[in-house]
$ cat work_39.txt   # compact mmCIF, N, CA and C atoms
# COMPACT_ATOMS: atom_id res chain seq x y z
N MET A 245 0.85 -1.16 0.00
CA MET A 245 0.00 0.00 0.00
C MET A 245 0.90 1.23 0.00
N TYR A 246 0.72 2.10 -0.96
CA TYR A 246 1.56 3.29 -1.05
C TYR A 246 1.08 4.39 -0.11
N ARG A 247 -0.22 4.53 0.06
CA ARG A 247 -0.76 5.57 0.92
C ARG A 247 -1.92 5.01 1.72
N ALA A 248 -1.96 5.35 2.96
CA ALA A 248 -3.05 4.89 3.81
C ALA A 248 -3.79 6.10 4.36
N LEU A 249 -5.08 5.94 4.57
CA LEU A 249 -5.90 7.02 5.10
C LEU A 249 -6.50 6.61 6.43
N MET A 250 -6.67 7.58 7.29
CA MET A 250 -7.34 7.37 8.57
C MET A 250 -8.69 8.07 8.47
N GLY A 251 -9.74 7.35 8.79
CA GLY A 251 -11.07 7.93 8.70
C GLY A 251 -11.55 8.46 10.04
N MET A 252 -12.31 9.54 10.01
CA MET A 252 -13.00 10.07 11.19
C MET A 252 -14.49 9.90 10.90
N TYR A 253 -15.16 9.17 11.77
CA TYR A 253 -16.56 8.85 11.56
C TYR A 253 -17.39 9.30 12.76
N MET A 254 -18.67 9.55 12.51
CA MET A 254 -19.58 9.92 13.58
C MET A 254 -20.60 8.80 13.73
N ILE A 255 -20.78 8.35 14.96
CA ILE A 255 -21.82 7.37 15.29
C ILE A 255 -22.67 7.99 16.39
N LEU A 256 -23.96 8.05 16.18
CA LEU A 256 -24.84 8.68 17.15
C LEU A 256 -24.89 7.88 18.44
N ALA A 257 -24.76 8.55 19.57
CA ALA A 257 -24.64 7.89 20.87
C ALA A 257 -25.95 7.28 21.34
N GLY A 258 -27.07 7.80 20.94
CA GLY A 258 -28.35 7.33 21.46
C GLY A 258 -28.90 6.09 20.78
N LEU A 259 -28.12 5.46 19.92
CA LEU A 259 -28.60 4.29 19.21
C LEU A 259 -28.32 3.01 19.99
N SER A 260 -29.15 2.01 19.78
CA SER A 260 -28.89 0.70 20.38
C SER A 260 -27.71 0.05 19.66
N PHE A 261 -27.19 -1.04 20.23
CA PHE A 261 -26.06 -1.73 19.60
C PHE A 261 -26.39 -2.16 18.18
N VAL A 262 -27.59 -2.68 17.97
CA VAL A 262 -27.99 -3.14 16.63
C VAL A 262 -27.99 -1.97 15.65
N GLU A 263 -28.52 -0.82 16.08
CA GLU A 263 -28.57 0.36 15.21
C GLU A 263 -27.16 0.90 14.96
N ARG A 264 -26.29 0.92 15.99
CA ARG A 264 -24.92 1.41 15.82
C ARG A 264 -24.14 0.51 14.87
N SER A 265 -24.49 -0.76 14.79
CA SER A 265 -23.77 -1.72 13.96
C SER A 265 -24.10 -1.59 12.48
N ARG A 266 -25.15 -0.90 12.14
CA ARG A 266 -25.53 -0.76 10.73
C ARG A 266 -24.63 0.26 10.04
N PRO A 267 -24.05 -0.12 8.92
CA PRO A 267 -23.18 0.82 8.19
C PRO A 267 -23.87 2.13 7.82
N SER A 268 -25.17 2.11 7.61
CA SER A 268 -25.88 3.33 7.24
C SER A 268 -25.93 4.34 8.38
N ASN A 269 -25.65 3.93 9.62
CA ASN A 269 -25.65 4.84 10.76
C ASN A 269 -24.25 5.31 11.14
N VAL A 270 -23.25 4.95 10.35
CA VAL A 270 -21.88 5.42 10.55
C VAL A 270 -21.63 6.50 9.50
N VAL A 271 -21.47 7.73 9.95
CA VAL A 271 -21.35 8.87 9.03
C VAL A 271 -19.89 9.27 8.90
N PRO A 272 -19.32 9.17 7.69
CA PRO A 272 -17.93 9.62 7.52
C PRO A 272 -17.85 11.15 7.58
N LEU A 273 -16.92 11.67 8.40
CA LEU A 273 -16.73 13.11 8.51
C LEU A 273 -15.59 13.60 7.62
N THR A 274 -14.45 12.92 7.71
CA THR A 274 -13.30 13.33 6.90
C THR A 274 -12.29 12.20 6.85
N LEU A 275 -11.37 12.31 5.92
CA LEU A 275 -10.25 11.38 5.81
C LEU A 275 -8.96 12.16 5.99
N GLY A 276 -8.02 11.56 6.68
CA GLY A 276 -6.72 12.20 6.88
C GLY A 276 -5.63 11.19 6.61
N PRO A 277 -4.42 11.66 6.33
CA PRO A 277 -3.32 10.72 6.09
C PRO A 277 -3.01 9.92 7.34
N HIS A 278 -2.76 8.63 7.16
CA HIS A 278 -2.43 7.76 8.29
C HIS A 278 -1.18 8.28 8.97
N GLY A 279 -1.21 8.33 10.28
CA GLY A 279 -0.08 8.85 11.04
C GLY A 279 -0.12 10.35 11.25
N ALA A 280 -1.17 11.01 10.72
CA ALA A 280 -1.29 12.45 10.92
C ALA A 280 -1.59 12.74 12.39
N ASP A 281 -1.27 13.93 12.81
CA ASP A 281 -1.53 14.35 14.18
C ASP A 281 -3.03 14.47 14.38
N MET A 282 -3.56 13.77 15.38
CA MET A 282 -5.00 13.78 15.65
C MET A 282 -5.51 15.20 15.89
N GLU A 283 -4.72 16.04 16.54
CA GLU A 283 -5.13 17.42 16.80
C GLU A 283 -5.35 18.19 15.51
N ASP A 284 -4.52 17.95 14.49
CA ASP A 284 -4.69 18.63 13.21
C ASP A 284 -6.00 18.24 12.54
N ILE A 285 -6.33 16.97 12.60
CA ILE A 285 -7.57 16.50 11.97
C ILE A 285 -8.77 17.05 12.72
N VAL A 286 -8.75 17.01 14.04
CA VAL A 286 -9.87 17.50 14.84
C VAL A 286 -10.03 19.01 14.65
N SER A 287 -8.92 19.74 14.55
CA SER A 287 -9.01 21.20 14.39
C SER A 287 -9.71 21.58 13.08
N THR A 288 -9.60 20.74 12.04
CA THR A 288 -10.31 21.05 10.79
C THR A 288 -11.82 20.91 10.95
N LEU A 289 -12.25 20.07 11.88
CA LEU A 289 -13.68 19.85 12.11
C LEU A 289 -14.25 20.74 13.20
N GLU A 290 -13.39 21.41 13.96
CA GLU A 290 -13.81 22.10 15.18
C GLU A 290 -14.92 23.13 14.96
N SER A 291 -14.80 24.00 13.97
CA SER A 291 -15.80 25.05 13.80
C SER A 291 -17.18 24.47 13.46
N THR A 292 -17.21 23.44 12.64
CA THR A 292 -18.48 22.81 12.29
C THR A 292 -19.08 22.08 13.48
N LEU A 293 -18.24 21.37 14.24
CA LEU A 293 -18.74 20.64 15.40
C LEU A 293 -19.24 21.60 16.49
N ARG A 294 -18.60 22.75 16.63
CA ARG A 294 -19.08 23.74 17.60
C ARG A 294 -20.47 24.25 17.23
N LYS A 295 -20.70 24.44 15.94
CA LYS A 295 -22.03 24.87 15.48
C LYS A 295 -23.08 23.82 15.84
N LEU A 296 -22.74 22.55 15.64
CA LEU A 296 -23.68 21.48 15.97
C LEU A 296 -23.95 21.42 17.47
N GLU A 297 -22.94 21.69 18.30
CA GLU A 297 -23.14 21.67 19.75
C GLU A 297 -24.07 22.79 20.20
N HIS A 298 -24.06 23.91 19.49
CA HIS A 298 -24.96 25.01 19.84
C HIS A 298 -26.31 24.87 19.17
N GLY A 299 -26.40 24.02 18.16
CA GLY A 299 -27.66 23.76 17.47
C GLY A 299 -27.74 24.48 16.14
N VAL A 300 -28.24 23.78 15.15
CA VAL A 300 -28.48 24.35 13.82
C VAL A 300 -29.89 23.98 13.41
N GLU A 301 -30.49 24.83 12.60
CA GLU A 301 -31.84 24.55 12.10
C GLU A 301 -31.73 23.84 10.76
N VAL A 302 -32.42 22.71 10.65
CA VAL A 302 -32.44 21.92 9.41
C VAL A 302 -33.88 21.57 9.06
N LYS A 303 -34.10 21.28 7.80
CA LYS A 303 -35.43 20.84 7.36
C LYS A 303 -35.45 19.34 7.26
N ILE A 304 -36.39 18.72 7.94
CA ILE A 304 -36.58 17.27 7.89
C ILE A 304 -38.04 17.02 7.55
N ASN A 305 -38.26 16.35 6.43
CA ASN A 305 -39.62 16.08 5.95
C ASN A 305 -40.45 17.35 5.86
N GLY A 306 -39.83 18.43 5.40
CA GLY A 306 -40.54 19.69 5.20
C GLY A 306 -40.74 20.52 6.45
N LYS A 307 -40.31 20.03 7.61
CA LYS A 307 -40.46 20.79 8.85
C LYS A 307 -39.08 21.29 9.30
N THR A 308 -39.02 22.52 9.75
CA THR A 308 -37.77 23.07 10.28
C THR A 308 -37.64 22.67 11.74
N VAL A 309 -36.53 22.00 12.06
CA VAL A 309 -36.28 21.56 13.43
C VAL A 309 -34.88 22.00 13.84
N ARG A 310 -34.66 22.10 15.13
CA ARG A 310 -33.34 22.45 15.66
C ARG A 310 -32.60 21.16 15.98
N LEU A 311 -31.42 21.00 15.40
CA LEU A 311 -30.60 19.81 15.58
C LEU A 311 -29.41 20.16 16.47
N VAL A 312 -29.25 19.42 17.57
CA VAL A 312 -28.13 19.62 18.48
C VAL A 312 -27.41 18.29 18.62
N ALA A 313 -26.09 18.28 18.39
CA ALA A 313 -25.29 17.06 18.48
C ALA A 313 -24.03 17.36 19.26
N PHE A 314 -23.78 16.60 20.30
CA PHE A 314 -22.60 16.79 21.14
C PHE A 314 -21.55 15.75 20.81
N VAL A 315 -20.30 16.15 20.83
CA VAL A 315 -19.19 15.22 20.63
C VAL A 315 -18.89 14.55 21.96
N LEU A 316 -18.94 13.23 21.99
CA LEU A 316 -18.63 12.49 23.22
C LEU A 316 -17.18 12.06 23.26
N ALA A 317 -16.64 11.63 22.13
CA ALA A 317 -15.27 11.13 22.11
C ALA A 317 -14.75 11.10 20.68
N PHE A 318 -13.44 11.16 20.56
CA PHE A 318 -12.78 10.96 19.28
C PHE A 318 -11.96 9.69 19.37
N VAL A 319 -12.04 8.87 18.34
CA VAL A 319 -11.28 7.62 18.30
C VAL A 319 -10.54 7.58 16.98
N GLY A 320 -9.27 7.26 17.03
CA GLY A 320 -8.49 7.17 15.79
C GLY A 320 -7.72 5.87 15.74
N ASP A 321 -7.20 5.55 14.57
CA ASP A 321 -6.38 4.35 14.35
C ASP A 321 -7.10 3.08 14.76
N MET A 322 -8.35 2.95 14.38
CA MET A 322 -9.09 1.72 14.67
C MET A 322 -8.52 0.61 13.78
N PRO A 323 -8.25 -0.58 14.32
CA PRO A 323 -7.60 -1.63 13.55
C PRO A 323 -8.47 -2.22 12.44
N ASN A 324 -9.77 -2.15 12.55
CA ASN A 324 -10.65 -2.65 11.49
C ASN A 324 -11.96 -1.90 11.55
N ASN A 325 -12.86 -2.19 10.63
CA ASN A 325 -14.10 -1.44 10.58
C ASN A 325 -15.25 -2.12 11.32
N ARG A 326 -14.98 -3.11 12.14
CA ARG A 326 -16.01 -3.77 12.94
C ARG A 326 -16.34 -2.90 14.13
N LEU A 327 -17.61 -2.77 14.40
CA LEU A 327 -18.04 -1.99 15.55
C LEU A 327 -18.08 -2.88 16.76
N ILE A 328 -17.53 -2.43 17.85
CA ILE A 328 -17.45 -3.20 19.08
C ILE A 328 -18.39 -2.56 20.10
N PRO A 329 -19.23 -3.35 20.77
CA PRO A 329 -20.16 -2.75 21.74
C PRO A 329 -19.41 -2.12 22.90
N VAL A 330 -19.95 -1.00 23.36
CA VAL A 330 -19.34 -0.28 24.47
C VAL A 330 -20.09 -0.56 25.74
$ encode --input "work_39.txt" --output "structure tokens"
Amino acid sequence: MYRALMGMYMILAGLSFVERSRPSNVVPLTLGPHGADMEDIVSTLESTLRKLEHGVEVKINGKTVRLVAFVLAFVGDMPNNRLIPV
């Protein structure tokens, strides 16, 4: 492999184990070069994640709702893509 990428993904905390295990509920946020400094990758996402923590208005099924999402943890360098129950 000439180049490897490290993925940053979002998994919603309020989901059951079965729901967290579904690939459709794992949202890719960004890709960074393998071995990159975790702080550099997180800093690129910081402004957007801060907006989500304060809440943003989005349209869902034609209704405007306020969406608030808090960051619980960052995990990097996962050895495989299998989700492990917490």
$ atom_distance --input "work_39.txt" --atom1 "atom CA of Val312 of chain A" --atom2 "atom CA of Asn269 of chain A"
16.9 Å
$ residues_around --input "work_39.txt" --residues "Met250 of chain A" --least-positions-apart "2" --cutoff "5 Å" --atoms "only N, CA and C atoms" --output "VMD selection string"
chain A and resid 248 252 275 to 278
$ atom_distance --input "work_39.txt" --atom1 "atom C of Leu249 of chain A" --atom2 "atom N of Gly279 of chain A"
6.8 Å
$ select_by_dssp --input "work_39.txt" --residues "chain A" --states "strand (DSSP E)" --output "list in words"
Leu249, Met250, Gly251, Met252, Tyr253, Met254, Ile255, Val270, Val271, Pro272, Leu273, Thr274, Leu275, Gly276, Pro277, Val300, Glu301, Val302, Lys303, Ile304, Lys307, Thr308, Val309, Arg310 and Leu311 of chain A
$ atom_distance --input "work_39.txt" --atom1 "atom C of Ala313 of chain A" --atom2 "atom CA of Ser291 of chain A"
12.5 Å
$ decode --input "work_39.txt" --residues "chain A" --atoms "C-alpha atoms" --output "CSV table (one decimal), in the first residue's frame"
chain,number,residue,atom,x,y,z
A,245,MET,CA,0.0,0.0,0.0
A,246,TYR,CA,1.6,3.3,-1.1
A,247,ARG,CA,-0.8,5.6,0.9
A,248,ALA,CA,-3.0,4.9,3.8
A,249,LEU,CA,-5.9,7.0,5.1
A,250,MET,CA,-7.3,7.4,8.6
A,251,GLY,CA,-11.1,7.9,8.7
A,252,MET,CA,-13.0,10.1,11.2
A,253,TYR,CA,-16.6,8.9,11.6
A,254,MET,CA,-19.6,9.9,13.6
A,255,ILE,CA,-21.8,7.4,15.3
A,256,LEU,CA,-24.8,8.7,17.1
A,257,ALA,CA,-24.6,7.9,20.9
A,258,GLY,CA,-28.4,7.3,21.5
A,259,LEU,CA,-28.6,4.3,19.2
A,260,SER,CA,-28.9,0.7,20.4
A,261,PHE,CA,-26.1,-1.7,19.6
A,262,VAL,CA,-28.0,-3.1,16.6
A,263,GLU,CA,-28.6,0.4,15.2
A,264,ARG,CA,-24.9,1.4,15.8
A,265,SER,CA,-23.8,-1.7,14.0
A,266,ARG,CA,-25.5,-0.8,10.7
A,267,PRO,CA,-23.2,0.8,8.2
A,268,SER,CA,-25.9,3.3,7.2
A,269,ASN,CA,-25.6,4.8,10.8
A,270,VAL,CA,-21.9,5.4,10.6
A,271,VAL,CA,-21.4,8.9,9.0
A,272,PRO,CA,-17.9,9.6,7.5
A,273,LEU,CA,-16.7,13.1,8.5
A,274,THR,CA,-13.3,13.3,6.9
A,275,LEU,CA,-10.3,11.4,5.8
A,276,GLY,CA,-6.7,12.2,6.9
A,277,PRO,CA,-3.3,10.7,6.1
A,278,HIS,CA,-2.4,7.8,8.3
A,279,GLY,CA,-0.1,8.8,11.0
A,280,ALA,CA,-1.3,12.5,10.9
A,281,ASP,CA,-1.5,14.3,14.2
A,282,MET,CA,-5.0,13.8,15.7
A,283,GLU,CA,-5.1,17.4,16.8
A,284,ASP,CA,-4.7,18.6,13.2
A,285,ILE,CA,-7.6,16.5,12.0
A,286,VAL,CA,-9.9,17.5,14.8
A,287,SER,CA,-9.0,21.2,14.4
A,288,THR,CA,-10.3,21.1,10.8
A,289,LEU,CA,-13.7,19.8,12.1
A,290,GLU,CA,-13.8,22.1,15.2
A,291,SER,CA,-15.8,25.0,13.8
A,292,THR,CA,-18.5,22.8,12.3
A,293,LEU,CA,-18.7,20.6,15.4
A,294,ARG,CA,-19.1,23.7,17.6
A,295,LYS,CA,-22.0,24.9,15.5
A,296,LEU,CA,-23.7,21.5,16.0
A,297,GLU,CA,-23.1,21.7,19.7
A,298,HIS,CA,-25.0,25.0,19.8
A,299,GLY,CA,-27.7,23.8,17.5
A,300,VAL,CA,-28.5,24.3,13.8
A,301,GLU,CA,-31.8,24.5,12.1
A,302,VAL,CA,-32.4,21.9,9.4
A,303,LYS,CA,-35.4,20.8,7.4
A,304,ILE,CA,-36.6,17.3,7.9
A,305,ASN,CA,-39.6,16.1,6.0
A,306,GLY,CA,-40.5,19.7,5.2
A,307,LYS,CA,-40.5,20.8,8.9
A,308,THR,CA,-37.8,23.1,10.3
A,309,VAL,CA,-36.3,21.6,13.4
A,310,ARG,CA,-33.3,22.4,15.7
A,311,LEU,CA,-30.6,19.8,15.6
A,312,VAL,CA,-28.1,19.6,18.5
A,313,ALA,CA,-25.3,17.1,18.5
A,314,PHE,CA,-22.6,16.8,21.1
A,315,VAL,CA,-19.2,15.2,20.6
A,316,LEU,CA,-18.6,12.5,23.2
A,317,ALA,CA,-15.3,11.1,22.1
A,318,PHE,CA,-12.8,11.0,19.3
A,319,VAL,CA,-11.3,7.6,18.3
A,320,GLY,CA,-8.5,7.2,15.8
A,321,ASP,CA,-6.4,4.4,14.4
A,322,MET,CA,-9.1,1.7,14.7
A,323,PRO,CA,-7.6,-1.6,13.5
A,324,ASN,CA,-10.6,-2.7,11.5
A,325,ASN,CA,-14.1,-1.4,10.6
A,326,ARG,CA,-16.0,-3.8,12.9
A,327,LEU,CA,-18.0,-2.0,15.5
A,328,ILE,CA,-17.4,-3.2,19.1
A,329,PRO,CA,-20.2,-2.7,21.7
A,330,VAL,CA,-19.3,-0.3,24.5
